[in-house]
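K.L.:
Provided herewith is a single structure, encoded as structure tokens, for subsequent inquiry.
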Amino acid sequence: MSMSDTIYIKSKSEIEIMRQAALIAAGARSMGRQAVRDGLTTRQIDKAVHEFIVKNGAKPSCLGYAGFPAATCVSVNEQVIHGIPGRRTVKNGDIVSIDLCATYKGFVGDCAGTYPCGEVSEEAKKLIEVTRQAFFEGIRFAKVGYRISDIGAAVQEYVEGNGFSVVRDFVGHGIGRSMHEAPEVPNYRAERGRPNPRLVKGMTICVEPMVCAGDWHVEILSDGWTVVSRDRSLAAHYENTILITDGEPEILTMADDI
Ligand code: MF3
Ligand code: CO
């Protein structure tokens, strides 16, 4: 992903629009979550998300982004991210990751989550919970006075402490008028020589742990999009758009059921 190095600090009025875009994205994620049901296709999940976004006056930012063919990335089991919705039916015991963006009045909200279909294995339950909690561990450091890498270090430590691994090939990102802005927000400790900016009030970023139950290596399927764990172990994803303030971070894509 090539992006400009400029970190755009949002003004009060821009933040207000970001809040609205993020709220729509969060609502769309809830719709997707409710559509994770035995017998429904991944395309039906996408449809529920897409309709919610449009009904709320926003645009599904993923649709057509770099040629992606849908509003929602729907990734099942060993699929980590960027699954293409289609005819595949979700079954009891599957875990389903839903990732979407909504553009509203020129600003983008982005969120993701992994949800169980019916009763899932103990390992799957733990993976979902650890991935979600890793986000909250990470954002303890999403404050003025810390650097971007403090977030990733906390995510990595928590995930590895629970016996799972963090994906290295994909990272979180700044967000605003574009879905992807600087800075990159890795889910691992800073690598020497990589940019590691300080967090500043008014930054809006996406923190998005991508976690494998087994090894962290991933590969891309022949459809050109779907990212799967190389060892085909289960994977989960959890993402929110957050705002750096002069106190605790504000989770812009928060909803009461995620
Ligand atoms: N929501 C994803 C992200 O964070 C992007 C999906 S890729 C797309 O970064 F091509 F589907 F847009
Ligand atoms: Co994102």
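Here, A, B, ... name the chains of the structure tokens in the order displayed, residue numbers run from 1 inside each chain, and ligands are numbered from 1 in the same displayed order.
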Please find the residues contacting ligand 1 at a distance of at most 8 Å between atoms, with only C-alpha atoms and all ligand atoms counted, and report them as a JSON list (two decimals) with C-alpha atoms, in the first residue's frame.
P.N.:
```json
[["chain", "number", "residue", "atom", "x", "y", "z"],
["A", 61, "SER", "CA", -16.14, 2.63, 0.26],
["A", 62, "CYS", "CA", -14.77, -0.88, -0.37],
["A", 63, "LEU", "CA", -16.96, -1.39, -3.46],
["A", 64, "GLY", "CA", -14.66, -0.71, -6.40],
["A", 65, "TYR", "CA", -11.68, 0.11, -4.17],
["A", 66, "ALA", "CA", -8.70, -1.22, -6.14],
["A", 67, "GLY", "CA", -11.33, -3.25, -7.98],
["A", 68, "PHE", "CA", -12.78, -5.01, -4.91],
["A", 69, "PRO", "CA", -16.22, -6.24, -6.06],
["A", 70, "ALA", "CA", -18.37, -5.76, -2.94],
["A", 71, "ALA", "CA", -19.22, -3.49, -0.01],
["A", 72, "THR", "CA", -18.00, -5.98, 2.57],
["A", 73, "CYS", "CA", -15.00, -8.23, 3.03],
["A", 81, "ILE", "CA", -9.15, -10.61, 5.53],
["A", 82, "HIS", "CA", -10.43, -9.49, 2.11],
["A", 99, "ASP", "CA", -14.87, -5.74, 7.43],
["A", 100, "LEU", "CA", -16.42, -2.66, 5.86],
["A", 101, "CYS", "CA", -16.01, 1.05, 5.29],
["A", 110, "ASP", "CA", -13.81, 1.61, 8.96],
["A", 111, "CYS", "CA", -14.46, -1.31, 11.28],
["A", 112, "ALA", "CA", -14.34, -5.08, 11.40],
["A", 171, "VAL", "CA", -1.37, -3.32, 9.11],
["A", 172, "GLY", "CA", -3.76, -0.71, 10.46],
["A", 173, "HIS", "CA", -3.71, 2.80, 9.09],
["A", 179, "MET", "CA", -9.67, 4.94, 3.68],
["A", 180, "HIS", "CA", -5.91, 4.61, 4.05],
["A", 206, "CYS", "CA", -7.66, 2.33, 12.58],
["A", 208, "GLU", "CA", -6.99, -3.64, 13.62],
["A", 239, "GLU", "CA", -11.01, -3.15, 14.00]]
```
K.L.:
Out of segment 77-214 of chain A, which residues get alpha helix (DSSP H) from DSSP, as a count of residues only?
P.N.:
32
K.L.:
From the options A:Thr114, A:Leu252, A:Val167, A:Ala21, which residue's atoms come nearest to Lys126 of chain A, counting only C-alpha atoms?
P.N.:
A:Thr114
K.L.:
Need to verify the contact set: segment 14-20 of chain A, 6 Å, only C-alpha atoms, exclusion of same-chain residues closer than 3 positions in sequence. Can you return it as an MDAnalysis selection string?
P.N.:
chainID A and resid 10:11 23 107 252
K.L.:
Can those selected residues be exported to a file as a PDB file, in the first residue's frame so that it contains N, CA and C atoms?
P.N.:
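Generated output (again_19.pdb):
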```
ATOM      1  N   LYS A  10      -7.217  16.186  12.171  1.00  0.00           N
ATOM      2  CA  LYS A  10      -8.572  16.623  11.837  1.00  0.00           C
ATOM      3  C   LYS A  10      -9.018  17.793  12.718  1.00  0.00           C
ATOM      4  N   SER A  11      -9.738  18.708  12.078  1.00  0.00           N
ATOM      5  CA  SER A  11     -10.323  19.842  12.799  1.00  0.00           C
ATOM      6  C   SER A  11     -11.581  19.373  13.522  1.00  0.00           C
ATOM      7  N   LEU A  23     -20.204   6.039  12.806  1.00  0.00           N
ATOM      8  CA  LEU A  23     -21.429   5.499  13.384  1.00  0.00           C
ATOM      9  C   LEU A  23     -22.181   4.645  12.358  1.00  0.00           C
ATOM     10  N   PHE A 107     -15.883  11.671   4.335  1.00  0.00           N
ATOM     11  CA  PHE A 107     -14.988  11.031   5.304  1.00  0.00           C
ATOM     12  C   PHE A 107     -15.358   9.562   5.492  1.00  0.00           C
ATOM     13  N   LEU A 252     -14.606   5.655  17.646  1.00  0.00           N
ATOM     14  CA  LEU A 252     -15.661   6.274  16.842  1.00  0.00           C
ATOM     15  C   LEU A 252     -16.637   5.245  16.297  1.00  0.00           C
TER      16      LEU A 252
END
```
K.L.:
Check the smallest atom-to-atom distance from each of A:His217, A:Lys125, A:Arg147, A:Lys47 to Pro197 of chain A using only C-alpha atoms, then report the winner.
P.N.:
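Between A:His217, A:Lys125, A:Arg147, A:Lys47, the residue approaching Pro197 of chain A most closely is A:Arg147.
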K.L.:
Can you pull out the residues contacting Asn92 of chain A? Cut-off 6 Å, using only C-alpha atoms, and skip same-chain residues under 5 positions away; I want them as a PyMOL selection string.
P.N.:
chain A and resi 38+117-118
K.L.:
For the residues in the current selection, export N, CA and C atoms as an mmCIF file, in the first residue's frame.
P.N.:
```
data_model
loop_
_atom_site.group_PDB
_atom_site.id
_atom_site.type_symbol
_atom_site.label_atom_id
_atom_site.label_comp_id
_atom_site.auth_asym_id
_atom_site.auth_seq_id
_atom_site.Cartn_x
_atom_site.Cartn_y
_atom_site.Cartn_z
ATOM 1 N N ASP A 38 -26.486 -19.767 10.183
ATOM 2 C CA ASP A 38 -26.381 -21.020 9.441
ATOM 3 C C ASP A 38 -27.268 -20.981 8.192
ATOM 4 N N CYS A 117 -20.740 -18.475 14.093
ATOM 5 C CA CYS A 117 -22.030 -18.981 13.612
ATOM 6 C C CYS A 117 -22.407 -20.158 14.497
ATOM 7 N N GLY A 118 -23.452 -19.968 15.290
ATOM 8 C CA GLY A 118 -23.892 -21.029 16.195
ATOM 9 C C GLY A 118 -22.821 -21.370 17.210
#
```
K.L.:
Write out as a ChimeraX atom specification which residues come within 9 Å of Gly174 of chain A when counting only C-alpha atoms, dropping same-chain ones fewer than 6 positions away.
P.N.:
/A:7-8,180-185,203-207,241
K.L.:
So, counting only C-alpha atoms and all ligand atoms, which residue among A:Ile98, A:Ala28, A:Ala48, A:Cys212 is closest to ligand 2?
P.N.:
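Nearest candidate to ligand 2 out of A:Ile98, A:Ala28, A:Ala48, A:Cys212: A:Ile98.
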K.L.:
Calculated over only C-alpha atoms and all ligand atoms, which of the candidates A:Ala255, A:Ala58, A:Ala235, A:Ala25 has the smallest distance to ligand 2?
P.N.:
A:Ala25
K.L.:
Rank A:Ser178, A:Ser222, A:Thr41, A:Asn187 by their smallest atom-to-atom distance to Glu137 of chain A, using only C-alpha atoms, and report the top residue only.
P.N.:
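Among the listed residues, the smallest separation from Glu137 of chain A belongs to A:Asn187.
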K.L.:
With only C-alpha atoms and all ligand atoms as the basis for distance, which of A:Ile128, A:Asp215, A:Ser121, A:Met210 is at the shortest distance from ligand 2?
P.N.:
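Among the listed residues, A:Met210 lies closest to ligand 2.
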